[in-house]
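Below is one structure, written out as structure tokens; comments come after it.
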Amino acid sequence: MAVKIRLRRMGTKKKPFYRIVVADSRSPRDGKFIEEIGYYNPLTTPKKVVVDSDKANNWIKNGAKPTDTVDRLFRENSVYSAEKNSNNTAEASESEATE
């Protein structure tokens, strides 16, 4: 089963609101999902994105693939930062040890 982290469209016509969900890749865009991990509102100024980064990183570790749009939202809102910072510090300590 391929699992994706993607946007689920909510709201009315001309007023979109999106929930960030974890879903089977075979299910429809607005259909069945496994877990809701956040939301995205593009109509506010500034655009509002709320994500449970612990849940998102846990799903990514377990093999869930974010879509291109969700990946961009995660990068812009530092969802990956906790995971990448721990990797960068490990790499930095290894490079210092080799010198």
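All residue names refer to the structure tokens as shown: chains lettered A, B, ... in order, residues numbered from 1 in each chain, ligands numbered from 1 in order.
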
Identify, on the basis of only C-alpha atoms, every residue whose closest approach to Leu73 (chain A) does not exceed 12 Å; exclude the query and any residue fewer than 2 positions from it along the same chain; express the result as a PyMOL selection string.
chain A and resi 5-7+18+20+38-42+47-51+53+56+66-71+75-80

For Glu36 (chain A), which residue among A:Asn62, A:Phe74, A:Phe17, A:Arg8 is the nearest when counting only C-alpha atoms?
A:Arg8

Counting only C-alpha atoms, the option among A:Ile37, A:Leu43, A:Ala2, A:Gly63 closest to Lys15 (chain A)
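Nearest candidate to Lys15 (chain A) out of A:Ile37, A:Leu43, A:Ala2, A:Gly63: A:Leu43.
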